[in-house]
file work26.cif (mmCIF, C-alpha atoms)
data_protein
loop_
_atom_site.label_atom_id
_atom_site.label_comp_id
_atom_site.auth_asym_id
_atom_site.auth_seq_id
_atom_site.Cartn_x
_atom_site.Cartn_y
_atom_site.Cartn_z
CA MET A 68 -15.87 -23.93 4.39
CA GLN A 69 -13.07 -21.40 4.15
CA ARG A 70 -11.89 -22.32 7.65
CA LEU A 71 -11.73 -25.98 6.66
CA TYR A 72 -9.74 -25.09 3.55
CA ASP A 73 -7.31 -22.97 5.59
CA PHE A 74 -6.92 -25.79 8.13
CA ILE A 75 -6.08 -28.27 5.36
CA ARG A 76 -3.46 -25.90 3.94
CA ARG A 77 -1.85 -25.39 7.35
CA HIS A 78 -1.69 -29.13 8.20
CA PRO A 79 -0.75 -31.02 5.01
CA THR A 80 0.95 -33.88 6.87
CA GLY A 81 -2.09 -34.39 9.08
CA VAL A 82 -4.34 -34.59 6.03
CA ASP A 83 -2.01 -37.09 4.36
CA GLY A 84 -1.92 -39.12 7.57
CA PHE A 85 -5.72 -39.29 7.59
CA TRP A 86 -5.83 -40.65 4.05
CA ALA A 87 -3.04 -43.09 4.91
CA VAL A 88 -5.18 -44.50 7.71
CA VAL A 89 -8.14 -44.77 5.33
CA LEU A 90 -6.01 -46.62 2.79
CA LEU A 91 -4.69 -48.96 5.49
CA GLY A 92 -8.22 -49.70 6.64
CA PHE A 93 -9.48 -50.58 3.15
CA SER A 94 -6.38 -52.72 2.56
CA ALA A 95 -7.00 -54.65 5.80
CA LEU A 96 -10.63 -55.27 4.79
CA TRP A 97 -9.42 -56.59 1.43
CA VAL A 98 -6.96 -58.98 3.10
CA VAL A 99 -9.65 -60.25 5.48
CA SER A 100 -12.26 -60.63 2.74
CA THR A 101 -9.93 -62.66 0.47
CA GLY A 102 -9.17 -65.16 3.23
CA SER A 103 -5.42 -65.13 2.71
CA THR A 104 -3.22 -67.62 4.57
CA THR A 105 -1.30 -66.56 7.63
CA GLY A 106 1.99 -66.07 5.77
CA SER A 107 0.51 -64.17 2.86
CA ALA A 108 -1.68 -62.09 5.20
CA ALA A 109 1.41 -61.00 7.09
CA GLY A 110 3.11 -60.03 3.82
CA TYR A 111 0.06 -58.09 2.63
CA GLY A 112 -0.19 -56.40 6.01
CA LEU A 113 3.44 -55.29 5.97
CA VAL A 114 3.15 -53.99 2.41
CA ALA A 115 -0.09 -52.16 3.29
CA VAL A 116 1.52 -50.50 6.31
CA LEU A 117 4.53 -49.36 4.29
CA PHE A 118 2.36 -48.07 1.43
CA SER A 119 0.30 -46.13 4.00
CA LEU A 120 3.57 -44.65 5.26
CA VAL A 121 4.32 -43.58 1.68
CA VAL A 122 1.03 -41.67 1.55
CA ALA A 123 1.51 -40.12 5.00
CA LEU A 124 5.03 -38.79 4.27
CA ARG A 125 4.68 -38.09 0.56
CA ARG A 126 5.04 -34.31 0.93
CA ARG A 127 7.72 -34.35 3.62
CA ALA A 128 10.10 -36.72 1.81
CA PRO A 129 8.80 -37.33 -1.72
CA GLU A 130 12.01 -38.78 -3.19
CA LYS A 131 12.51 -41.24 -0.32
CA MET A 132 8.89 -42.33 -0.42
CA LEU A 133 9.19 -42.89 -4.18
CA VAL A 134 12.19 -45.18 -3.66
CA LEU A 135 10.24 -47.03 -0.95
CA ALA A 136 7.26 -47.45 -3.28
CA VAL A 137 9.50 -48.86 -6.03
CA ALA A 138 11.04 -51.27 -3.53
CA LEU A 139 7.59 -52.39 -2.37
CA GLY A 140 6.54 -53.00 -5.97
CA VAL A 141 9.60 -55.15 -6.59
CA ALA A 142 8.91 -57.03 -3.33
CA GLN A 143 5.35 -57.76 -4.46
CA LEU A 144 6.67 -59.24 -7.70
CA ALA A 145 9.22 -61.34 -5.85
CA LEU A 146 6.86 -62.56 -3.08
CA ASP A 147 3.93 -63.16 -5.43
CA LEU A 148 1.69 -60.65 -3.65
CA VAL A 149 -0.98 -59.71 -6.19
CA PRO A 150 -1.91 -56.02 -6.50
CA PHE A 151 -4.48 -54.88 -3.96
CA MET A 152 -5.92 -51.69 -2.42
CA ALA A 153 -2.62 -50.46 -0.96
CA ASP A 154 -1.08 -50.22 -4.44
CA PHE A 155 -3.17 -47.06 -4.95
CA ALA A 156 -0.31 -45.33 -3.09
CA MET A 157 1.78 -45.73 -6.25
CA LEU A 158 -0.53 -43.34 -8.12
CA VAL A 159 -0.36 -40.89 -5.22
CA ILE A 160 3.44 -40.86 -4.98
CA ILE A 161 3.85 -40.60 -8.78
CA PHE A 162 1.63 -37.51 -8.80
CA THR A 163 3.43 -36.03 -5.78
CA VAL A 164 6.93 -36.46 -7.19
CA ALA A 165 5.91 -35.07 -10.59
CA ALA A 166 4.34 -32.01 -8.91
CA HIS A 167 7.28 -31.49 -6.53
CA ASP A 168 10.01 -29.10 -7.59
CA GLY A 169 12.75 -31.57 -6.79
CA PRO A 170 15.49 -33.42 -8.65
CA ARG A 171 14.56 -34.45 -12.16
CA TRP A 172 15.75 -38.04 -11.67
CA ALA A 173 12.89 -38.60 -9.23
CA SER A 174 10.33 -37.38 -11.76
CA ARG A 175 11.82 -39.58 -14.48
CA LEU A 176 11.90 -42.60 -12.15
CA ALA A 177 8.24 -42.01 -11.27
CA LEU A 178 7.30 -41.86 -14.96
CA ILE A 179 9.26 -44.97 -15.90
CA GLY A 180 7.98 -46.91 -12.90
CA GLY A 181 4.39 -45.92 -13.59
CA LEU A 182 4.55 -46.86 -17.27
CA SER A 183 6.18 -50.24 -16.53
CA ALA A 184 4.05 -51.19 -13.49
CA SER A 185 1.07 -52.42 -15.51
CA THR A 186 3.24 -54.40 -17.93
CA LEU A 187 5.19 -56.12 -15.14
CA SER A 188 1.97 -56.89 -13.30
CA GLN A 189 0.42 -58.45 -16.41
CA LEU A 190 3.51 -60.57 -17.00
CA ARG A 191 3.61 -61.75 -13.37
CA TRP A 192 -0.12 -62.26 -12.95
CA PRO A 193 -1.77 -62.79 -16.33
CA MET A 194 -5.41 -61.81 -16.48
CA GLU A 195 -7.67 -64.84 -16.23
CA GLY A 196 -10.09 -65.46 -19.09
CA THR A 197 -7.98 -63.58 -21.61
CA SER A 198 -6.39 -65.84 -24.15
CA SER A 199 -5.61 -63.57 -27.11
CA GLY A 200 -2.49 -61.43 -27.15
CA ALA A 201 -4.40 -58.39 -28.44
CA ALA A 202 -6.73 -58.48 -25.44
CA LYS A 203 -3.77 -58.66 -23.04
CA VAL A 204 -2.07 -55.72 -24.76
CA PHE A 205 -5.28 -53.70 -24.67
CA PHE A 206 -5.80 -54.43 -20.98
CA THR A 207 -2.17 -53.50 -20.23
CA ILE A 208 -2.57 -50.16 -22.03
CA ILE A 209 -5.79 -49.41 -20.17
CA MET A 210 -4.12 -50.11 -16.83
CA THR A 211 -1.14 -47.89 -17.78
CA VAL A 212 -3.33 -44.85 -18.43
CA PRO A 213 -3.96 -43.96 -14.74
CA PHE A 214 -0.21 -43.98 -13.99
CA ALA A 215 0.59 -41.81 -17.02
CA LEU A 216 -2.30 -39.46 -16.19
CA ALA A 217 -1.09 -39.10 -12.58
CA TRP A 218 2.39 -38.10 -13.77
CA VAL A 219 1.06 -35.67 -16.41
CA LEU A 220 -1.24 -33.94 -13.91
CA GLY A 221 1.59 -33.61 -11.38
CA ASP A 222 4.06 -32.27 -13.91
CA SER A 223 1.47 -29.77 -15.20
CA LEU A 224 0.89 -28.56 -11.66
CA ARG A 225 4.64 -28.12 -11.14
CA THR A 226 4.97 -26.18 -14.40
CA ARG A 227 2.04 -23.95 -13.48
CA ARG A 228 3.50 -23.17 -10.05
CA ALA A 229 6.83 -22.30 -11.61
CA TYR A 230 5.09 -20.04 -14.14
CA PHE A 231 3.16 -18.14 -11.46
CA ALA A 232 6.30 -17.83 -9.34
CA GLN A 233 8.08 -16.31 -12.33
CA LEU A 234 5.21 -13.88 -12.90
CA GLU A 235 5.26 -12.80 -9.24
CA GLU A 236 9.03 -12.29 -9.36
CA ARG A 237 8.74 -10.25 -12.54
CA ALA A 238 5.92 -8.13 -11.10
CA SER A 239 7.95 -7.53 -7.94
CA ARG A 240 11.00 -6.56 -9.96
CA LEU A 241 9.00 -4.18 -12.15
CA GLU A 242 7.43 -2.60 -9.07
CA GLN A 243 10.86 -2.04 -7.54
CA GLU A 244 12.15 -0.53 -10.78
CA ARG A 245 9.10 1.71 -11.00
CA GLU A 246 9.58 2.92 -7.43
CA ALA A 247 13.25 3.56 -8.13
CA GLN A 248 12.40 5.59 -11.24
CA ALA A 249 9.83 7.60 -9.29
CA LYS A 250 12.37 8.33 -6.55
CA VAL A 251 14.93 9.43 -9.13
CA ALA A 252 12.33 11.68 -10.76
CA VAL A 253 11.40 13.23 -7.41
CA ALA A 254 15.05 13.78 -6.51
CA ALA A 255 15.81 15.40 -9.86
CA GLU A 256 12.75 17.63 -9.64
CA ARG A 257 13.58 18.69 -6.10
CA ALA A 258 17.13 19.56 -7.16
CA ARG A 259 15.71 21.72 -9.93
CA ILE A 260 13.28 23.39 -7.53
CA ALA A 261 16.09 24.02 -5.04
CA ARG A 262 18.17 25.70 -7.74
CA GLU A 263 15.27 27.94 -8.75
CA LEU A 264 14.43 28.87 -5.16
CA HIS A 265 18.07 29.75 -4.63
CA ASP A 266 17.60 32.49 -7.23
CA VAL A 267 14.43 33.71 -5.53
CA VAL A 268 16.07 33.90 -2.09
CA ALA A 269 19.19 35.55 -3.52
CA HIS A 270 17.03 38.16 -5.22
CA ASN A 271 15.17 38.97 -1.99
CA VAL A 272 18.41 39.33 -0.04
CA SER A 273 19.83 41.61 -2.73
CA VAL A 274 16.74 43.81 -2.51
CA MET A 275 17.11 44.00 1.25
CA VAL A 276 20.77 45.03 0.95
CA VAL A 277 19.98 47.77 -1.58
CA GLN A 278 17.09 49.09 0.52
CA ALA A 279 19.22 49.06 3.66
CA ASP A 280 21.98 51.02 1.96
CA GLY A 281 19.45 53.52 0.68
CA ALA A 282 17.82 53.90 4.09
CA ALA A 283 21.16 54.55 5.74
CA TYR A 284 22.01 57.17 3.10
CA VAL A 285 18.76 59.17 3.49
CA MET A 286 18.15 58.55 7.20
CA ASP A 287 19.01 62.12 8.20
CA SER A 288 17.86 64.03 5.12
CA SER A 289 14.58 62.17 4.39
CA PRO A 290 13.22 60.13 7.31
CA GLU A 291 9.99 59.28 5.42
CA THR A 292 11.92 57.69 2.55
CA ALA A 293 14.03 55.75 5.01
CA LYS A 294 10.86 54.51 6.71
CA GLN A 295 9.48 53.21 3.41
CA ALA A 296 12.78 51.47 2.70
CA LEU A 297 12.68 49.78 6.10
CA GLU A 298 9.11 48.58 5.45
CA THR A 299 10.26 47.13 2.15
CA ILE A 300 13.12 45.37 3.91
CA SER A 301 10.69 43.91 6.46
CA THR A 302 8.30 42.58 3.82
CA THR A 303 11.08 41.22 1.64
CA GLY A 304 12.76 39.60 4.64
CA ARG A 305 9.60 37.74 5.61
CA GLN A 306 9.23 36.44 2.08
CA ALA A 307 12.88 35.37 2.03
CA LEU A 308 12.53 33.54 5.34
CA ALA A 309 9.47 31.70 4.06
CA GLU A 310 11.31 30.66 0.91
CA MET A 311 14.32 29.54 2.94
CA ARG A 312 12.16 27.36 5.20
CA ARG A 313 10.68 25.63 2.16
CA LEU A 314 14.13 25.40 0.61
CA LEU A 315 15.63 23.68 3.67
CA GLY A 316 12.89 21.08 3.48
CA ILE A 317 14.04 19.81 0.11
CA LEU A 318 17.77 20.53 0.01
CA ARG A 319 19.98 17.49 0.00
CA THR A 320 23.15 17.11 2.05
CA GLY A 321 25.28 18.57 -0.72
CA GLU A 322 26.97 15.64 -2.42
CA HIS A 323 26.49 17.16 -5.87
CA GLN A 324 27.36 20.64 -6.98
CA GLU A 325 24.95 22.33 -9.33
CA ALA A 326 26.62 23.65 -12.42
CA GLY A 327 25.54 26.37 -14.80
CA GLU A 328 24.65 30.04 -14.65
CA TYR A 329 21.68 31.22 -12.64
CA VAL A 330 19.09 33.33 -14.43
CA PRO A 331 16.02 35.19 -13.16
CA GLN A 332 13.01 32.90 -12.97
CA PRO A 333 9.67 33.72 -14.64
CA ASP A 334 6.64 35.02 -12.81
CA VAL A 335 2.87 35.32 -13.36
CA ARG A 336 3.20 38.34 -15.65
CA GLN A 337 5.18 36.24 -18.11
CA ILE A 338 2.42 33.62 -18.44
CA GLU A 339 0.83 35.75 -21.17
CA ASP A 340 4.13 35.71 -23.09
CA LEU A 341 4.25 31.93 -22.63
CA VAL A 342 0.75 31.62 -24.07
CA GLU A 343 1.78 33.68 -27.08
CA GLN A 344 4.76 31.41 -27.65
CA VAL A 345 2.52 28.36 -27.54
CA ARG A 346 0.10 29.97 -29.98
CA ASP A 347 2.98 30.52 -32.38
CA THR A 348 3.48 26.73 -32.46
CA GLY A 349 -0.04 26.29 -33.85
CA LEU A 350 -1.94 25.42 -30.68
CA THR A 351 -5.10 27.44 -30.03
CA VAL A 352 -5.01 28.78 -26.46
CA ASP A 353 -7.66 30.89 -24.75
CA PHE A 354 -6.18 33.00 -21.93
CA ALA A 355 -8.13 34.96 -19.31
CA ILE A 356 -7.48 36.59 -15.95
CA GLU A 357 -10.20 36.95 -13.33
CA GLY A 358 -9.95 39.13 -10.26
CA SER A 359 -7.57 41.96 -9.52
CA PRO A 360 -3.91 41.16 -10.33
CA ARG A 361 -1.52 42.06 -7.51
CA PRO A 362 2.00 41.16 -6.38
CA LEU A 363 2.44 37.60 -5.18
CA PRO A 364 5.20 35.75 -3.30
CA SER A 365 8.02 34.81 -5.64
CA GLY A 366 7.59 31.08 -4.97
CA VAL A 367 3.88 31.22 -5.85
CA GLU A 368 4.55 33.08 -9.09
CA LEU A 369 7.25 30.65 -10.13
CA THR A 370 5.01 27.66 -9.32
CA ALA A 371 2.12 29.11 -11.29
CA TYR A 372 4.30 29.71 -14.33
CA ARG A 373 5.78 26.19 -14.26
CA ILE A 374 2.35 24.57 -13.92
CA VAL A 375 0.99 26.40 -16.95
CA GLN A 376 4.16 25.65 -18.88
CA GLU A 377 4.00 21.92 -18.14
CA ALA A 378 0.27 21.70 -18.81
CA LEU A 379 0.54 23.35 -22.23
CA THR A 380 3.54 21.15 -23.06
CA ASN A 381 1.46 18.06 -22.27
CA THR A 382 -1.35 19.36 -24.47
CA ARG A 383 1.04 19.67 -27.39
CA LYS A 384 2.43 16.19 -26.75
CA HIS A 385 -0.77 14.25 -26.13
CA GLY A 386 -3.69 16.40 -27.24
CA GLY A 387 -3.59 15.58 -30.94
CA PRO A 388 -3.48 17.76 -34.07
CA ASP A 389 -6.79 19.62 -33.52
CA ALA A 390 -6.61 20.17 -29.78
CA GLY A 391 -7.32 23.50 -28.14
CA ALA A 392 -6.51 24.71 -24.63
CA SER A 393 -7.65 27.33 -22.18
CA VAL A 394 -5.76 28.96 -19.31
CA ARG A 395 -7.54 30.74 -16.46
CA LEU A 396 -5.86 32.70 -13.66
CA VAL A 397 -8.18 33.61 -10.80
CA TYR A 398 -7.04 35.99 -8.05
CA PHE A 399 -8.77 35.24 -4.76
CA ASP A 400 -8.41 37.16 -1.53
CA ASP A 401 -6.16 34.48 -0.06
CA GLY A 402 -4.68 32.72 -3.04
CA LEU A 403 -4.24 32.22 -6.77
CA GLY A 404 -6.28 29.70 -8.73
CA LEU A 405 -5.11 28.03 -11.95
CA LEU A 406 -7.24 26.10 -14.40
CA VAL A 407 -5.69 24.65 -17.55
CA GLU A 408 -7.91 22.50 -19.79
CA ASP A 409 -7.70 21.02 -23.25
CA ASP A 410 -10.19 19.23 -25.50
CA GLY A 411 -7.73 16.80 -27.06
CA ARG A 412 -7.63 13.07 -26.78
CA GLY A 413 -5.39 13.26 -23.71
CA ALA A 414 -2.73 10.85 -22.50
CA PRO A 415 -3.61 7.22 -21.82
CA GLN A 416 -4.59 6.23 -18.30
CA GLU A 417 -1.22 4.73 -17.43
CA MET A 418 0.51 8.01 -18.31
CA TYR A 419 -0.83 9.83 -15.27
CA GLU A 420 -1.48 7.05 -12.76
CA ASP A 421 0.50 7.00 -9.49
CA GLY A 422 1.15 10.71 -9.51
CA GLY A 423 2.21 10.96 -13.11
CA ALA A 424 5.02 8.40 -13.23
CA ASP A 425 4.74 8.02 -16.97
CA GLY A 426 8.32 6.85 -17.41
CA ARG A 427 9.23 9.94 -19.44
CA GLY A 428 8.94 13.53 -18.26
CA HIS A 429 7.35 12.84 -14.88
CA GLY A 430 5.51 16.12 -15.39
CA LEU A 431 2.76 15.60 -12.84
CA ILE A 432 5.33 14.55 -10.22
CA GLY A 433 7.04 17.90 -10.72
CA MET A 434 3.74 19.76 -10.48
CA ARG A 435 2.80 18.06 -7.22
CA GLU A 436 6.24 18.76 -5.75
CA ARG A 437 6.03 22.43 -6.64
CA VAL A 438 2.47 22.88 -5.37
CA GLY A 439 3.31 21.04 -2.15
CA MET A 440 6.23 23.37 -1.50
CA VAL A 441 3.98 26.44 -1.40
CA GLY A 442 1.28 24.63 0.60
CA GLY A 443 -1.20 24.40 -2.27
CA THR A 444 -3.40 21.68 -3.78
CA LEU A 445 -3.39 20.12 -7.25
CA ASP A 446 -6.05 18.13 -9.07
CA ALA A 447 -5.17 16.54 -12.42
CA GLY A 448 -7.03 14.05 -14.58
CA PRO A 449 -9.30 13.53 -17.58
CA ARG A 450 -12.29 15.81 -17.84
CA PRO A 451 -15.84 14.82 -18.84
CA GLY A 452 -16.28 14.80 -22.59
CA GLY A 453 -12.60 14.23 -23.36
CA GLY A 454 -9.38 16.08 -22.84
CA PHE A 455 -7.42 16.80 -19.70
CA ARG A 456 -7.80 19.21 -16.81
CA ILE A 457 -5.27 20.58 -14.32
CA SER A 458 -6.56 22.65 -11.44
CA ALA A 459 -4.37 24.19 -8.74
CA LEU A 460 -4.91 26.48 -5.79
CA LEU A 461 -1.86 28.33 -4.51
CA PRO A 462 -2.23 30.13 -1.16
CA LEU A 463 -0.59 33.51 -0.65
CA LYS A 464 0.72 32.33 2.71
CA PRO A 465 2.40 28.93 3.22
CA ALA A 466 0.45 26.36 5.20
CA HIS A 467 1.59 25.89 8.81
#

call {"tool": "encode", "arguments": {"input": "work26.cif", "output": "structure tokens"}}
result
Amino acid sequence: MQRLYDFIRRHPTGVDGFWAVVLLGFSALWVVSTGSTTGSAAGYGLVAVLFSLVVALRRRAPEKMLVLAVALGVAQLALDLVPFMADFAMLVIIFTVAAHDGPRWASRLALIGGLSASTLSQLRWPMEGTSSGAAKVFFTIIMTVPFALAWVLGDSLRTRRAYFAQLEERASRLEQEREAQAKVAVAAERARIARELHDVVAHNVSVMVVQADGAAYVMDSSPETAKQALETISTTGRQALAEMRRLLGILRTGEHQEAGEYVPQPDVRQIEDLVEQVRDTGLTVDFAIEGSPRPLPSGVELTAYRIVQEALTNTRKHGGPDAGASVRLVYFDDGLGLLVEDDGRGAPQEMYEDGGADGRGHGLIGMRERVGMVGGTLDAGPRPGGGFRISALLPLKPAH
């Protein structure tokens, strides 16, 4: 059945041609059954053929076929050819023109012609057996209804198509705007990340310079101290190279210059101070550390701090007046785990769909960008029983 429907949609002219042949066949049977004279039969035959052409080409040239149908109607009145089966094409072309998104004059002509067809027919060929004027008026009105209904149905179909086309255009425009906003948010967040990583790399290089100067100064007097300084340089250099590789992946070509003073960025040890600041605002926060704390790469520490900061900010914004939160830092052998949960009402679904493009802070977009830069994973969403959960795993070594 679906194949038949698809075939009909792909071959509209062929379908119209089929119905035109059917209409021509019924019209020929009517002419033969009425026993018309040779002259009138030829006139009926010509009109039937032309009306069948109207049906066959109604979708390819609706305005021209409407004019042809009007001309055929006038010819019937002039040649005294009473209405017969072929006149059904008038209903078809009226519906087609009303449904077609073409010039408005054609739709108006179809409406006027349809409403006047029954009246002109009754005046030219009065109904036999009807003597009272009221009966003639009633019959005329009844015969006008199909023409008016054909035009109304066609015009309704045209209006509906225009409405759905407008909805599709609006949805497409909104989707493009949403994608543009998401790209702007990603670009802004990456610029911020690049600025912060610049501080991290600069710090590592400064450490290397200081250690190198110290090693050169004590090389002869204290070889052991110089050896330790060189080991520190090696470790710090590897960290700096890793940060620079990640930095080059997000840096833009340099059309904009970043303004403002650079300040040292926070690390994992300052998360406890952040929690205390949040508690001072009235939000209850439970903070715990599991495992053995140890030094981490600067990029990992900065990412962990920003994730906790953004998560607690979202809890204050969307959690409600009585919400509480918990922050867990778990030190694994090969990474750092973060779990931030709250028991508030949480943000609505649309606020964190599509990676967090909520149209405001784009917080989850920033989190995913940061976690991706250090090769980690992030899981964010509503938790069972209400509230929101953000879970992240940050490896100590970047993913290859």

call {"tool": "closest_residue", "arguments": {"input": "work26.cif", "among": "A:Gly200, A:Gly453, A:Pro290, A:Gly140", "to": "Ala184 of chain A", "atoms": "only C-alpha atoms"}}
result
A:Gly140

call {"tool": "atom_distance", "arguments": {"input": "work26.cif", "atom1": "atom CA of Gly387 of chain A", "atom2": "atom CA of Gly411 of chain A"}}
result
5.8 Å

call {"tool": "resolve_selection", "arguments": {"input": "work26.cif", "expression": "the PyMOL selection byres ((chain A and resi 393) around 8)", "output": "VMD selection string"}}
result
chain A and resid 352 to 354 391 to 392 394 to 395 406 to 409

call {"tool": "resolve_selection", "arguments": {"input": "work26.cif", "expression": "the PyMOL selection byres ((chain A and resi 181) around 8)", "output": "JSON, numbers by chain"}}
result
{"A": [157, 158, 161, 177, 178, 179, 180, 182, 183, 184, 185, 211, 214, 215]}

call {"tool": "closest_residue", "arguments": {"input": "work26.cif", "among": "A:Ser100, A:Thr292, A:Ser223, A:Thr186", "to": "Ile209 of chain A", "atoms": "only C-alpha atoms"}}
result
A:Thr186

call {"tool": "residues_near_point", "arguments": {"input": "work26.cif", "point": "(6.3, -29.4, -10.3)", "cutoff": "12 Å", "atoms": "only C-alpha atoms", "output": "JSON, numbers by chain"}}
result
{"A": [129, 161, 162, 163, 164, 165, 166, 167, 168, 169, 170, 171, 173, 174, 218, 219, 220, 221, 222, 223, 224, 225, 226, 227, 228, 229, 230, 231, 232]}

call {"tool": "write_last_selection", "arguments": {"input": "work26.cif", "atoms": "C-alpha atoms", "output": "PDB file, in the coordinates of the input"}}
result
ATOM      1  CA  PRO A 129       8.800 -37.330  -1.720  1.00  0.00           C
ATOM      2  CA  ILE A 161       3.850 -40.600  -8.780  1.00  0.00           C
ATOM      3  CA  PHE A 162       1.630 -37.510  -8.800  1.00  0.00           C
ATOM      4  CA  THR A 163       3.430 -36.030  -5.780  1.00  0.00           C
ATOM      5  CA  VAL A 164       6.930 -36.460  -7.190  1.00  0.00           C
ATOM      6  CA  ALA A 165       5.910 -35.070 -10.590  1.00  0.00           C
ATOM      7  CA  ALA A 166       4.340 -32.010  -8.910  1.00  0.00           C
ATOM      8  CA  HIS A 167       7.280 -31.490  -6.530  1.00  0.00           C
ATOM      9  CA  ASP A 168      10.010 -29.100  -7.590  1.00  0.00           C
ATOM     10  CA  GLY A 169      12.750 -31.570  -6.790  1.00  0.00           C
ATOM     11  CA  PRO A 170      15.490 -33.420  -8.650  1.00  0.00           C
ATOM     12  CA  ARG A 171      14.560 -34.450 -12.160  1.00  0.00           C
ATOM     13  CA  ALA A 173      12.890 -38.600  -9.230  1.00  0.00           C
ATOM     14  CA  SER A 174      10.330 -37.380 -11.760  1.00  0.00           C
ATOM     15  CA  TRP A 218       2.390 -38.100 -13.770  1.00  0.00           C
ATOM     16  CA  VAL A 219       1.060 -35.670 -16.410  1.00  0.00           C
ATOM     17  CA  LEU A 220      -1.240 -33.940 -13.910  1.00  0.00           C
ATOM     18  CA  GLY A 221       1.590 -33.610 -11.380  1.00  0.00           C
ATOM     19  CA  ASP A 222       4.060 -32.270 -13.910  1.00  0.00           C
ATOM     20  CA  SER A 223       1.470 -29.770 -15.200  1.00  0.00           C
ATOM     21  CA  LEU A 224       0.890 -28.560 -11.660  1.00  0.00           C
ATOM     22  CA  ARG A 225       4.640 -28.120 -11.140  1.00  0.00           C
ATOM     23  CA  THR A 226       4.970 -26.180 -14.400  1.00  0.00           C
ATOM     24  CA  ARG A 227       2.040 -23.950 -13.480  1.00  0.00           C
ATOM     25  CA  ARG A 228       3.500 -23.170 -10.050  1.00  0.00           C
ATOM     26  CA  ALA A 229       6.830 -22.300 -11.610  1.00  0.00           C
ATOM     27  CA  TYR A 230       5.090 -20.040 -14.140  1.00  0.00           C
ATOM     28  CA  PHE A 231       3.160 -18.140 -11.460  1.00  0.00           C
ATOM     29  CA  ALA A 232       6.300 -17.830  -9.340  1.00  0.00           C
TER      30      ALA A 232
END

call {"tool": "atom_distance", "arguments": {"input": "work26.cif", "atom1": "atom CA of Gly402 of chain A", "atom2": "atom CA of Leu369 of chain A"}}
result
14.0 Å

call {"tool": "resolve_selection", "arguments": {"input": "work26.cif", "expression": "the PyMOL selection byres ((chain A and resi 363) around 12)", "output": "PyMOL selection string"}}
result
chain A and resi 302-303+306+334-336+359-362+364-371+398-403+441+461-464

call {"tool": "atom_distance", "arguments": {"input": "work26.cif", "atom1": "atom CA of Leu90 of chain A", "atom2": "atom CA of Ala156 of chain A"}}
result
8.3 Å

call {"tool": "closest_residue", "arguments": {"input": "work26.cif", "among": "A:Ile356, A:Val397, A:Ile300, A:Ala115", "to": "Leu460 of chain A", "atoms": "all atoms listed in the file"}}
result
A:Val397

call {"tool": "residues_around", "arguments": {"input": "work26.cif", "residues": "Asp446 of chain A", "least_positions_apart": "4", "cutoff": "7 Å", "atoms": "only C-alpha atoms", "output": "PyMOL selection string"}}
result
chain A and resi 457-459

call {"tool": "axis_aligned_box", "arguments": {"input": "work26.cif", "around": "segment 111-129 of chain A", "padding_each_side": "5 Å", "output": "JSON"}}
result
{"center_x": 5.0, "center_y": -46.2, "center_z": 2.3, "size_x": 20.3, "size_y": 33.8, "size_z": 18.0}

call {"tool": "closest_residue", "arguments": {"input": "work26.cif", "among": "A:Trp97, A:Phe155, A:Trp172, A:Phe205", "to": "Val121 of chain A", "atoms": "all atoms listed in the file"}}
result
A:Phe155

call {"tool": "residues_around", "arguments": {"input": "work26.cif", "residues": "Val98 of chain A", "least_positions_apart": "3", "cutoff": "12 Å", "atoms": "all atoms listed in the file", "output": "NGL selection string"}}
result
:A and (91-95 or 101-115 or 148-153)

call {"tool": "closest_residue", "arguments": {"input": "work26.cif", "among": "A:Ile160, A:Glu256, A:Glu377, A:Pro449", "to": "Lys131 of chain A", "atoms": "all atoms listed in the file"}}
result
A:Ile160
